[in-house]
$ cat target_23.cif   # mmCIF, C-alpha atoms, pLDDT in the B column; chains and numbers go by the auth columns
data_run
loop_
_atom_site.group_PDB
_atom_site.id
_atom_site.type_symbol
_atom_site.label_atom_id
_atom_site.label_comp_id
_atom_site.label_asym_id
_atom_site.label_seq_id
_atom_site.Cartn_x
_atom_site.Cartn_y
_atom_site.Cartn_z
_atom_site.B_iso_or_equiv
_atom_site.auth_seq_id
_atom_site.auth_asym_id
ATOM 1 C CA MET A 1 40.581 -43.293 -4.331 43.00 1 Z
ATOM 2 C CA ASN A 2 37.171 -44.832 -4.793 43.00 2 Z
ATOM 3 C CA ILE A 3 35.153 -45.006 -8.017 40.00 3 Z
ATOM 4 C CA LYS A 4 32.621 -42.351 -6.856 39.00 4 Z
ATOM 5 C CA ALA A 5 35.384 -39.835 -6.196 39.00 5 Z
ATOM 6 C CA LEU A 6 36.877 -40.469 -9.636 37.00 6 Z
ATOM 7 C CA ALA A 7 33.485 -40.000 -11.284 40.00 7 Z
ATOM 8 C CA LEU A 8 32.923 -36.668 -9.465 39.00 8 Z
ATOM 9 C CA ALA A 9 36.389 -35.256 -10.161 40.00 9 Z
ATOM 10 C CA PRO A 10 35.570 -33.896 -13.670 40.00 10 Z
ATOM 11 C CA VAL A 11 32.306 -32.375 -12.377 39.00 11 Z
ATOM 12 C CA LEU A 12 34.103 -30.608 -9.516 39.00 12 Z
ATOM 13 C CA ALA A 13 36.845 -29.354 -11.841 39.00 13 Z
ATOM 14 C CA LEU A 14 34.213 -27.965 -14.226 38.00 14 Z
ATOM 15 C CA ALA A 15 32.287 -26.311 -11.398 38.00 15 Z
ATOM 16 C CA MET A 16 35.442 -24.587 -10.180 39.00 16 Z
ATOM 17 C CA ALA A 17 36.253 -23.334 -13.711 39.00 17 Z
ATOM 18 C CA ILE A 18 32.902 -21.543 -14.175 38.00 18 Z
ATOM 19 C CA PRO A 19 33.049 -17.980 -12.822 42.00 19 Z
ATOM 20 C CA ALA A 20 30.671 -17.188 -9.998 45.00 20 Z
ATOM 21 C CA PHE A 21 27.577 -15.334 -11.131 52.00 21 Z
ATOM 22 C CA ALA A 22 27.126 -11.856 -9.740 59.00 22 Z
ATOM 23 C CA GLU A 23 24.337 -11.666 -7.235 82.00 23 Z
ATOM 24 C CA ARG A 24 21.688 -9.077 -7.777 87.00 24 Z
ATOM 25 C CA ILE A 25 22.312 -5.863 -5.909 93.00 25 Z
ATOM 26 C CA SER A 26 19.800 -5.158 -3.133 95.00 26 Z
ATOM 27 C CA LEU A 27 17.257 -2.356 -3.443 95.00 27 Z
ATOM 28 C CA ASN A 28 18.647 -0.757 -0.281 95.00 28 Z
ATOM 29 C CA GLU A 29 22.163 -0.684 -1.789 96.00 29 Z
ATOM 30 C CA ILE A 30 20.851 0.783 -5.070 96.00 30 Z
ATOM 31 C CA SER A 31 18.868 3.434 -3.160 96.00 31 Z
ATOM 32 C CA ARG A 32 21.991 4.284 -1.110 96.00 32 Z
ATOM 33 C CA TYR A 33 24.092 4.530 -4.291 96.00 33 Z
ATOM 34 C CA LEU A 34 21.584 6.747 -6.147 96.00 34 Z
ATOM 35 C CA ASN A 35 21.214 9.012 -3.101 96.00 35 Z
ATOM 36 C CA SER A 36 25.026 9.362 -2.966 94.00 36 Z
ATOM 37 C CA LEU A 37 25.105 10.775 -6.504 93.00 37 Z
ATOM 38 C CA THR A 38 24.965 14.538 -6.334 93.00 38 Z
ATOM 39 C CA THR A 39 26.732 15.862 -9.417 95.00 39 Z
ATOM 40 C CA VAL A 40 27.431 13.628 -12.429 95.00 40 Z
ATOM 41 C CA THR A 41 28.649 14.314 -15.966 96.00 41 Z
ATOM 42 C CA SER A 42 28.767 11.607 -18.626 96.00 42 Z
ATOM 43 C CA GLU A 43 28.820 11.108 -22.369 96.00 43 Z
ATOM 44 C CA PHE A 44 25.763 9.142 -23.478 96.00 44 Z
ATOM 45 C CA THR A 45 24.305 7.259 -26.404 96.00 45 Z
ATOM 46 C CA GLN A 46 20.530 7.389 -26.762 95.00 46 Z
ATOM 47 C CA VAL A 47 18.367 4.968 -28.693 95.00 47 Z
ATOM 48 C CA ASN A 48 15.183 6.847 -29.555 92.00 48 Z
ATOM 49 C CA PRO A 49 11.715 5.276 -29.837 93.00 49 Z
ATOM 50 C CA ASP A 50 11.965 5.349 -33.656 94.00 50 Z
ATOM 51 C CA GLY A 51 15.288 3.444 -33.577 93.00 51 Z
ATOM 52 C CA THR A 52 17.485 6.433 -34.420 92.00 52 Z
ATOM 53 C CA ILE A 53 20.585 7.033 -32.319 93.00 53 Z
ATOM 54 C CA SER A 54 21.694 10.287 -30.718 93.00 54 Z
ATOM 55 C CA THR A 55 24.807 11.079 -28.687 95.00 55 Z
ATOM 56 C CA GLY A 56 25.738 13.853 -26.326 95.00 56 Z
ATOM 57 C CA THR A 57 26.619 14.815 -22.780 96.00 57 Z
ATOM 58 C CA VAL A 58 24.351 14.573 -19.752 96.00 58 Z
ATOM 59 C CA TYR A 59 24.762 16.702 -16.634 96.00 59 Z
ATOM 60 C CA ILE A 60 22.928 15.604 -13.496 95.00 60 Z
ATOM 61 C CA GLN A 61 22.649 17.588 -10.309 95.00 61 Z
ATOM 62 C CA ARG A 62 20.489 15.856 -7.763 93.00 62 Z
ATOM 63 C CA PRO A 63 17.915 16.592 -6.650 93.00 63 Z
ATOM 64 C CA GLY A 64 15.778 17.600 -9.582 93.00 64 Z
ATOM 65 C CA ARG A 65 18.159 18.847 -12.263 95.00 65 Z
ATOM 66 C CA VAL A 66 19.357 17.309 -15.524 96.00 66 Z
ATOM 67 C CA ARG A 67 20.671 18.688 -18.809 95.00 67 Z
ATOM 68 C CA PHE A 68 20.989 16.624 -22.004 95.00 68 Z
ATOM 69 C CA GLU A 69 23.128 18.342 -24.649 94.00 69 Z
ATOM 70 C CA TYR A 70 22.957 16.545 -28.000 93.00 70 Z
ATOM 71 C CA ASN A 71 25.835 16.404 -30.500 92.00 71 Z
ATOM 72 C CA ASN A 72 25.306 17.453 -34.120 80.00 72 Z
ATOM 73 C CA ASP A 73 22.074 19.347 -33.525 80.00 73 Z
ATOM 74 C CA ARG A 74 20.775 22.040 -31.231 82.00 74 Z
ATOM 75 C CA THR A 75 18.373 19.836 -29.279 88.00 75 Z
ATOM 76 C CA LEU A 76 18.493 20.444 -25.537 91.00 76 Z
ATOM 77 C CA VAL A 77 16.508 18.821 -22.724 94.00 77 Z
ATOM 78 C CA LEU A 78 16.485 20.508 -19.323 94.00 78 Z
ATOM 79 C CA ALA A 79 14.841 19.578 -16.039 94.00 79 Z
ATOM 80 C CA SER A 80 14.824 22.162 -13.292 93.00 80 Z
ATOM 81 C CA GLY A 81 12.396 23.694 -10.824 90.00 81 Z
ATOM 82 C CA GLY A 82 10.009 20.746 -11.180 91.00 82 Z
ATOM 83 C CA ASN A 83 9.663 21.202 -14.962 93.00 83 Z
ATOM 84 C CA VAL A 84 11.105 19.613 -18.081 93.00 84 Z
ATOM 85 C CA ALA A 85 11.744 21.697 -21.204 92.00 85 Z
ATOM 86 C CA VAL A 86 12.569 20.152 -24.578 91.00 86 Z
ATOM 87 C CA PHE A 87 14.208 22.577 -26.994 90.00 87 Z
ATOM 88 C CA ASP A 88 14.025 21.337 -30.583 85.00 88 Z
ATOM 89 C CA GLY A 89 16.943 22.790 -32.531 73.00 89 Z
ATOM 90 C CA LYS A 90 14.977 22.530 -35.783 74.00 90 Z
ATOM 91 C CA SER A 91 12.017 24.542 -34.510 70.00 91 Z
ATOM 92 C CA ASN A 92 11.672 28.283 -34.054 70.00 92 Z
ATOM 93 C CA SER A 93 8.959 27.901 -31.443 76.00 93 Z
ATOM 94 C CA GLY A 94 9.633 27.831 -27.720 78.00 94 Z
ATOM 95 C CA PRO A 95 10.355 24.659 -25.794 86.00 95 Z
ATOM 96 C CA HIS A 96 7.777 21.964 -25.106 89.00 96 Z
ATOM 97 C CA GLN A 97 7.325 21.971 -21.314 90.00 97 Z
ATOM 98 C CA TYR A 98 5.712 19.604 -18.828 90.00 98 Z
ATOM 99 C CA PRO A 99 6.024 18.746 -15.105 92.00 99 Z
ATOM 100 C CA LEU A 100 9.030 16.595 -14.122 92.00 100 Z
ATOM 101 C CA SER A 101 6.630 14.439 -12.082 90.00 101 Z
ATOM 102 C CA GLN A 102 5.085 13.237 -15.378 90.00 102 Z
ATOM 103 C CA THR A 103 8.279 11.462 -16.431 91.00 103 Z
ATOM 104 C CA PRO A 104 9.776 8.338 -14.831 92.00 104 Z
ATOM 105 C CA LEU A 105 13.177 10.077 -14.873 90.00 105 Z
ATOM 106 C CA SER A 106 11.893 11.960 -11.813 92.00 106 Z
ATOM 107 C CA ILE A 107 12.504 8.755 -9.808 93.00 107 Z
ATOM 108 C CA ILE A 108 16.308 9.045 -10.025 92.00 108 Z
ATOM 109 C CA LEU A 109 16.223 12.834 -9.646 94.00 109 Z
ATOM 110 C CA ASP A 110 14.184 12.647 -6.424 93.00 110 Z
ATOM 111 C CA ALA A 111 15.712 14.190 -3.282 93.00 111 Z
ATOM 112 C CA ASN A 112 15.313 10.941 -1.331 94.00 112 Z
ATOM 113 C CA ILE A 113 15.230 7.751 -3.380 94.00 113 Z
ATOM 114 C CA ASN A 114 13.716 4.782 -1.543 94.00 114 Z
ATOM 115 C CA LEU A 115 13.170 1.847 -3.875 95.00 115 Z
ATOM 116 C CA SER A 116 11.687 -0.172 -0.999 93.00 116 Z
ATOM 117 C CA ARG A 117 8.495 1.921 -1.025 92.00 117 Z
ATOM 118 C CA PRO A 118 5.381 -0.191 -1.713 94.00 118 Z
ATOM 119 C CA ASN A 119 4.507 -0.536 -5.430 93.00 119 Z
ATOM 120 C CA MET A 120 7.586 1.393 -6.581 94.00 120 Z
ATOM 121 C CA VAL A 121 9.677 -1.499 -7.907 96.00 121 Z
ATOM 122 C CA ILE A 122 7.895 -3.718 -10.409 95.00 122 Z
ATOM 123 C CA GLY A 123 10.968 -5.717 -11.459 95.00 123 Z
ATOM 124 C CA HIS A 124 14.283 -6.643 -9.752 96.00 124 Z
ATOM 125 C CA THR A 125 16.399 -9.252 -11.514 95.00 125 Z
ATOM 126 C CA GLU A 126 19.986 -10.282 -12.255 93.00 126 Z
ATOM 127 C CA GLN A 127 20.895 -10.885 -15.888 91.00 127 Z
ATOM 128 C CA ASN A 128 24.313 -11.203 -17.558 87.00 128 Z
ATOM 129 C CA ASN A 129 26.088 -10.079 -14.358 89.00 129 Z
ATOM 130 C CA ALA A 130 23.959 -6.914 -14.171 94.00 130 Z
ATOM 131 C CA THR A 131 21.154 -5.988 -11.797 96.00 131 Z
ATOM 132 C CA ILE A 132 18.051 -4.634 -13.512 96.00 132 Z
ATOM 133 C CA VAL A 133 15.504 -2.636 -11.536 97.00 133 Z
ATOM 134 C CA THR A 134 12.239 -1.432 -13.058 97.00 134 Z
ATOM 135 C CA ALA A 135 10.582 1.317 -11.023 96.00 135 Z
ATOM 136 C CA GLN A 136 7.527 3.526 -11.313 94.00 136 Z
ATOM 137 C CA ASP A 137 5.997 6.333 -9.313 92.00 137 Z
ATOM 138 C CA PRO A 138 3.593 4.423 -7.041 91.00 138 Z
ATOM 139 C CA GLN A 139 1.222 7.428 -7.054 90.00 139 Z
ATOM 140 C CA ARG A 140 1.308 7.795 -10.863 90.00 140 Z
ATOM 141 C CA PRO A 141 1.957 4.394 -12.487 91.00 141 Z
ATOM 142 C CA GLN A 142 0.158 5.635 -15.612 92.00 142 Z
ATOM 143 C CA ASN A 143 3.179 7.893 -16.337 92.00 143 Z
ATOM 144 C CA GLY A 144 5.337 4.904 -17.317 94.00 144 Z
ATOM 145 C CA ASN A 145 8.450 3.423 -15.753 96.00 145 Z
ATOM 146 C CA ILE A 146 12.221 3.484 -15.739 96.00 146 Z
ATOM 147 C CA GLN A 147 14.355 0.353 -16.060 97.00 147 Z
ATOM 148 C CA MET A 148 17.834 0.916 -14.611 96.00 148 Z
ATOM 149 C CA VAL A 149 20.814 -1.354 -15.264 97.00 149 Z
ATOM 150 C CA PHE A 150 23.597 -1.564 -12.658 96.00 150 Z
ATOM 151 C CA SER A 151 26.951 -3.307 -12.754 94.00 151 Z
ATOM 152 C CA ALA A 152 28.865 -4.531 -9.702 90.00 152 Z
ATOM 153 C CA PRO A 153 30.356 -2.855 -7.791 90.00 153 Z
ATOM 154 C CA THR A 154 27.214 -0.723 -7.849 92.00 154 Z
ATOM 155 C CA GLU A 155 27.338 1.628 -10.846 94.00 155 Z
ATOM 156 C CA LEU A 156 24.480 2.901 -13.024 96.00 156 Z
ATOM 157 C CA ARG A 157 25.184 1.909 -16.648 96.00 157 Z
ATOM 158 C CA GLN A 158 21.971 2.678 -18.511 96.00 158 Z
ATOM 159 C CA TRP A 159 18.282 3.347 -18.189 96.00 159 Z
ATOM 160 C CA ILE A 160 15.249 2.780 -20.369 96.00 160 Z
ATOM 161 C CA VAL A 161 12.320 5.142 -19.917 95.00 161 Z
ATOM 162 C CA THR A 162 8.949 3.805 -21.038 95.00 162 Z
ATOM 163 C CA ASP A 163 6.575 6.761 -21.257 91.00 163 Z
ATOM 164 C CA ASP A 164 2.809 6.896 -20.839 89.00 164 Z
ATOM 165 C CA THR A 165 2.325 5.894 -24.510 92.00 165 Z
ATOM 166 C CA GLY A 166 4.620 2.850 -24.243 92.00 166 Z
ATOM 167 C CA ALA A 167 7.442 4.484 -26.247 94.00 167 Z
ATOM 168 C CA LYS A 168 10.908 3.466 -25.028 95.00 168 Z
ATOM 169 C CA THR A 169 14.013 5.671 -24.895 95.00 169 Z
ATOM 170 C CA THR A 170 17.309 4.034 -23.888 96.00 170 Z
ATOM 171 C CA VAL A 171 20.209 6.049 -22.474 96.00 171 Z
ATOM 172 C CA ILE A 172 23.583 4.259 -22.256 96.00 172 Z
ATOM 173 C CA LEU A 173 26.079 6.083 -20.081 96.00 173 Z
ATOM 174 C CA GLY A 174 29.810 6.370 -20.708 95.00 174 Z
ATOM 175 C CA GLU A 175 32.274 6.789 -17.871 93.00 175 Z
ATOM 176 C CA MET A 176 30.619 8.890 -15.189 93.00 176 Z
ATOM 177 C CA ARG A 177 32.514 11.781 -13.663 94.00 177 Z
ATOM 178 C CA LYS A 178 31.155 12.311 -10.161 92.00 178 Z
ATOM 179 C CA GLY A 179 31.458 15.362 -7.967 89.00 179 Z
ATOM 180 C CA GLY A 180 32.571 18.837 -8.871 87.00 180 Z
ATOM 181 C CA SER A 181 30.190 21.681 -9.474 89.00 181 Z
ATOM 182 C CA ILE A 182 27.984 22.646 -12.368 90.00 182 Z
ATOM 183 C CA PRO A 183 26.772 26.253 -12.525 91.00 183 Z
ATOM 184 C CA ALA A 184 23.044 26.572 -11.753 89.00 184 Z
ATOM 185 C CA SER A 185 22.663 28.558 -14.986 90.00 185 Z
ATOM 186 C CA ARG A 186 23.355 25.347 -16.984 92.00 186 Z
ATOM 187 C CA PHE A 187 19.987 24.053 -15.752 92.00 187 Z
ATOM 188 C CA SER A 188 18.033 27.295 -16.188 89.00 188 Z
ATOM 189 C CA ILE A 189 15.102 26.904 -18.568 87.00 189 Z
ATOM 190 C CA GLN A 190 14.663 30.702 -18.652 86.00 190 Z
ATOM 191 C CA ALA A 191 18.325 31.236 -19.585 85.00 191 Z
ATOM 192 C CA ALA A 192 18.083 28.633 -22.369 84.00 192 Z
ATOM 193 C CA MET A 193 14.972 30.365 -23.739 82.00 193 Z
ATOM 194 C CA GLY A 194 16.946 33.613 -24.003 73.00 194 Z
ATOM 195 C CA GLN A 195 19.703 32.070 -26.124 60.00 195 Z
#

$ encode --input "target_23.cif" --output "structure tokens"
Amino acid sequence: MNIKALALAPVLALAMAIPAFAERISLNEISRYLNSLTTVTSEFTQVNPDGTISTGTVYIQRPGRVRFEYNNDRTLVLASGGNVAVFDGKSNSGPHQYPLSQTPLSIILDANINLSRPNMVIGHTEQNNATIVTAQDPQRPQNGNIQMVFSAPTELRQWIVTDDTGAKTTVILGEMRKGGSIPASRFSIQAAMGQ
């Protein structure tokens, strides 16, 4: 064995001992994965803009429907029929409502997600074996953005919504249960107003 080979042996051994870094997941694969999600239920932990933490269960029925039920209070967030309604359990007034299109969450609730659209993705990186995609509505970038974190094999782990004021809300998902059916009434803003 020559001297060069002996000198390289420790370097090669070290290189083989380091685990391979995960490659970032392509936008086409992430779009395919998100479009394959129809019905999802998951526990979640939410870090609010003021630093407080909330927990609860999220129900997603794509396209266009989501329900966030919060533990330990009567707060409820519903998206359905193109609208979002936020029910504050501490208030006696009706829900605060606004169009779903005004929130970046509409991107993952869209009927046909295509992250390859021009000006939709403003960040696509790999960090700590996770793929991070930051997306915005190309027609309404002023409404903020959503940063989604995916593990490999492709699985949505969390998202961070930055709203039009710059406030950030992080949602960390637990184990997702996919498939099954969720009654349409669970997403009904009118039904929730009658409770």

$ atom_distance --input "target_23.cif" --atom1 "atom CA of Asn83 of chain Z" --atom2 "atom CA of Tyr98 of chain Z"
5.8 Å

$ closest_residue --input "target_23.cif" --among "Z:Gly179, Z:Gly144, Z:Gly194, Z:Gly94" --to "Leu37 of chain Z" --atoms "only C-alpha atoms"
Z:Gly179

$ resolve_selection --input "target_23.cif" --expression "the PyMOL selection byres ((chain Z and resi 38-42) around 12)" --output "PyMOL selection string"
chain Z and resi 32-37+43-45+55-69+108-112+156-158+171-184

$ write_last_selection --input "target_23.cif" --atoms "C-alpha atoms" --output "compact mmCIF listing (two decimals), in the frame of the given file"
# COMPACT_ATOMS: atom_id res chain seq x y z
CA ARG Z 32 21.99 4.28 -1.11
CA TYR Z 33 24.09 4.53 -4.29
CA LEU Z 34 21.58 6.75 -6.15
CA ASN Z 35 21.21 9.01 -3.10
CA SER Z 36 25.03 9.36 -2.97
CA LEU Z 37 25.10 10.78 -6.50
CA GLU Z 43 28.82 11.11 -22.37
CA PHE Z 44 25.76 9.14 -23.48
CA THR Z 45 24.30 7.26 -26.40
CA THR Z 55 24.81 11.08 -28.69
CA GLY Z 56 25.74 13.85 -26.33
CA THR Z 57 26.62 14.82 -22.78
CA VAL Z 58 24.35 14.57 -19.75
CA TYR Z 59 24.76 16.70 -16.63
CA ILE Z 60 22.93 15.60 -13.50
CA GLN Z 61 22.65 17.59 -10.31
CA ARG Z 62 20.49 15.86 -7.76
CA PRO Z 63 17.92 16.59 -6.65
CA GLY Z 64 15.78 17.60 -9.58
CA ARG Z 65 18.16 18.85 -12.26
CA VAL Z 66 19.36 17.31 -15.52
CA ARG Z 67 20.67 18.69 -18.81
CA PHE Z 68 20.99 16.62 -22.00
CA GLU Z 69 23.13 18.34 -24.65
CA ILE Z 108 16.31 9.04 -10.02
CA LEU Z 109 16.22 12.83 -9.65
CA ASP Z 110 14.18 12.65 -6.42
CA ALA Z 111 15.71 14.19 -3.28
CA ASN Z 112 15.31 10.94 -1.33
CA LEU Z 156 24.48 2.90 -13.02
CA ARG Z 157 25.18 1.91 -16.65
CA GLN Z 158 21.97 2.68 -18.51
CA VAL Z 171 20.21 6.05 -22.47
CA ILE Z 172 23.58 4.26 -22.26
CA LEU Z 173 26.08 6.08 -20.08
CA GLY Z 174 29.81 6.37 -20.71
CA GLU Z 175 32.27 6.79 -17.87
CA MET Z 176 30.62 8.89 -15.19
CA ARG Z 177 32.51 11.78 -13.66
CA LYS Z 178 31.16 12.31 -10.16
CA GLY Z 179 31.46 15.36 -7.97
CA GLY Z 180 32.57 18.84 -8.87
CA SER Z 181 30.19 21.68 -9.47
CA ILE Z 182 27.98 22.65 -12.37
CA PRO Z 183 26.77 26.25 -12.52
CA ALA Z 184 23.04 26.57 -11.75

$ atom_distance --input "target_23.cif" --atom1 "atom CA of Ser101 of chain Z" --atom2 "atom CA of Phe150 of chain Z"
23.3 Å

$ resolve_selection --input "target_23.cif" --expression "the PyMOL selection byres ((chain Z and resi 126-130) around 7)" --output "PyMOL selection string"
chain Z and resi 21-24+125+131-132+149-151

$ atom_distance --input "target_23.cif" --atom1 "atom CA of Ser185 of chain Z" --atom2 "atom CA of Gln46 of chain Z"
24.3 Å

$ closest_residue --input "target_23.cif" --among "Z:Gln147, Z:Thr154, Z:Gln136, Z:Asn92" --to "Val121 of chain Z" --atoms "only C-alpha atoms"
Z:Gln136

$ resolve_selection --input "target_23.cif" --expression "the PyMOL selection byres ((chain Z and resi 51) around 12)" --output "list of chain:residue names"
Z:Gln46, Z:Val47, Z:Asn48, Z:Pro49, Z:Asp50, Z:Thr52, Z:Ile53, Z:Ser54, Z:Ala167, Z:Lys168, Z:Thr169, Z:Thr170

$ closest_residue --input "target_23.cif" --among "Z:Val86, Z:Leu105, Z:Val133, Z:Leu76" --to "Leu27 of chain Z" --atoms "only C-alpha atoms"
Z:Val133

$ residues_near_point --input "target_23.cif" --point "(10.7, 23.8, -20.2)" --cutoff "7 Å" --atoms "all atoms listed in the file" --output "JSON, numbers by chain"
{"Z": [78, 83, 84, 85, 86, 95, 96, 97, 98, 189]}

$ build_atoms --input "target_23.cif" --residues "segment 133-142 of chain Z" --atoms "all heavy atoms" --output "short mmCIF file (atom, residue, chain, number, x, y, z; two decimals), in the frame of the given file"
data_model
loop_
_atom_site.label_atom_id
_atom_site.label_comp_id
_atom_site.auth_asym_id
_atom_site.auth_seq_id
_atom_site.Cartn_x
_atom_site.Cartn_y
_atom_site.Cartn_z
N VAL Z 133 16.61 -3.07 -12.40
CA VAL Z 133 15.50 -2.64 -11.54
C VAL Z 133 14.54 -1.81 -12.38
O VAL Z 133 14.94 -0.85 -13.04
CB VAL Z 133 16.02 -1.79 -10.35
CG1 VAL Z 133 14.86 -1.23 -9.54
CG2 VAL Z 133 16.95 -2.60 -9.47
N THR Z 134 13.28 -2.20 -12.38
CA THR Z 134 12.24 -1.43 -13.06
C THR Z 134 11.38 -0.77 -11.99
O THR Z 134 10.85 -1.45 -11.11
CB THR Z 134 11.38 -2.34 -13.96
OG1 THR Z 134 12.25 -3.05 -14.85
CG2 THR Z 134 10.39 -1.52 -14.77
N ALA Z 135 11.29 0.56 -12.05
CA ALA Z 135 10.58 1.32 -11.02
C ALA Z 135 9.58 2.26 -11.67
O ALA Z 135 9.72 2.67 -12.83
CB ALA Z 135 11.58 2.11 -10.18
N GLN Z 136 8.56 2.58 -10.89
CA GLN Z 136 7.53 3.53 -11.31
C GLN Z 136 7.15 4.39 -10.11
O GLN Z 136 7.45 4.04 -8.98
CB GLN Z 136 6.29 2.77 -11.80
CG GLN Z 136 5.61 1.98 -10.70
CD GLN Z 136 4.45 1.13 -11.18
OE1 GLN Z 136 4.20 1.02 -12.35
NE2 GLN Z 136 3.73 0.53 -10.23
N ASP Z 137 6.52 5.51 -10.39
CA ASP Z 137 6.00 6.33 -9.31
C ASP Z 137 4.75 5.62 -8.80
O ASP Z 137 3.78 5.46 -9.55
CB ASP Z 137 5.66 7.72 -9.85
CG ASP Z 137 5.13 8.66 -8.78
OD1 ASP Z 137 4.63 8.19 -7.74
OD2 ASP Z 137 5.20 9.88 -9.00
N PRO Z 138 4.76 5.17 -7.53
CA PRO Z 138 3.59 4.42 -7.04
C PRO Z 138 2.30 5.24 -7.06
O PRO Z 138 1.21 4.68 -7.15
CB PRO Z 138 3.96 4.02 -5.61
CG PRO Z 138 5.27 4.62 -5.31
CD PRO Z 138 5.80 5.30 -6.54
N GLN Z 139 2.41 6.56 -7.02
CA GLN Z 139 1.22 7.43 -7.05
C GLN Z 139 0.73 7.68 -8.48
O GLN Z 139 -0.41 8.05 -8.68
CB GLN Z 139 1.51 8.79 -6.41
CG GLN Z 139 2.31 8.72 -5.14
CD GLN Z 139 1.55 8.08 -3.99
OE1 GLN Z 139 1.04 8.75 -3.18
NE2 GLN Z 139 1.48 6.79 -3.86
N ARG Z 140 1.65 7.50 -9.46
CA ARG Z 140 1.31 7.80 -10.86
C ARG Z 140 1.84 6.71 -11.80
O ARG Z 140 2.62 6.99 -12.71
CB ARG Z 140 1.91 9.14 -11.28
CG ARG Z 140 1.51 10.32 -10.42
CD ARG Z 140 2.26 11.59 -10.89
NE ARG Z 140 2.10 12.68 -9.97
CZ ARG Z 140 2.90 12.92 -8.93
NH1 ARG Z 140 3.93 12.16 -8.68
NH2 ARG Z 140 2.67 13.95 -8.14
N PRO Z 141 1.43 5.46 -11.62
CA PRO Z 141 1.96 4.39 -12.49
C PRO Z 141 1.60 4.60 -13.96
O PRO Z 141 2.30 4.09 -14.84
CB PRO Z 141 1.32 3.12 -11.92
CG PRO Z 141 0.14 3.58 -11.14
CD PRO Z 141 0.46 4.96 -10.65
N GLN Z 142 0.58 5.38 -14.23
CA GLN Z 142 0.16 5.64 -15.61
C GLN Z 142 1.20 6.46 -16.38
O GLN Z 142 1.16 6.54 -17.61
CB GLN Z 142 -1.21 6.33 -15.65
CG GLN Z 142 -1.23 7.77 -15.16
CD GLN Z 142 -1.32 7.92 -13.65
OE1 GLN Z 142 -1.22 6.96 -12.89
NE2 GLN Z 142 -1.51 9.16 -13.19
#
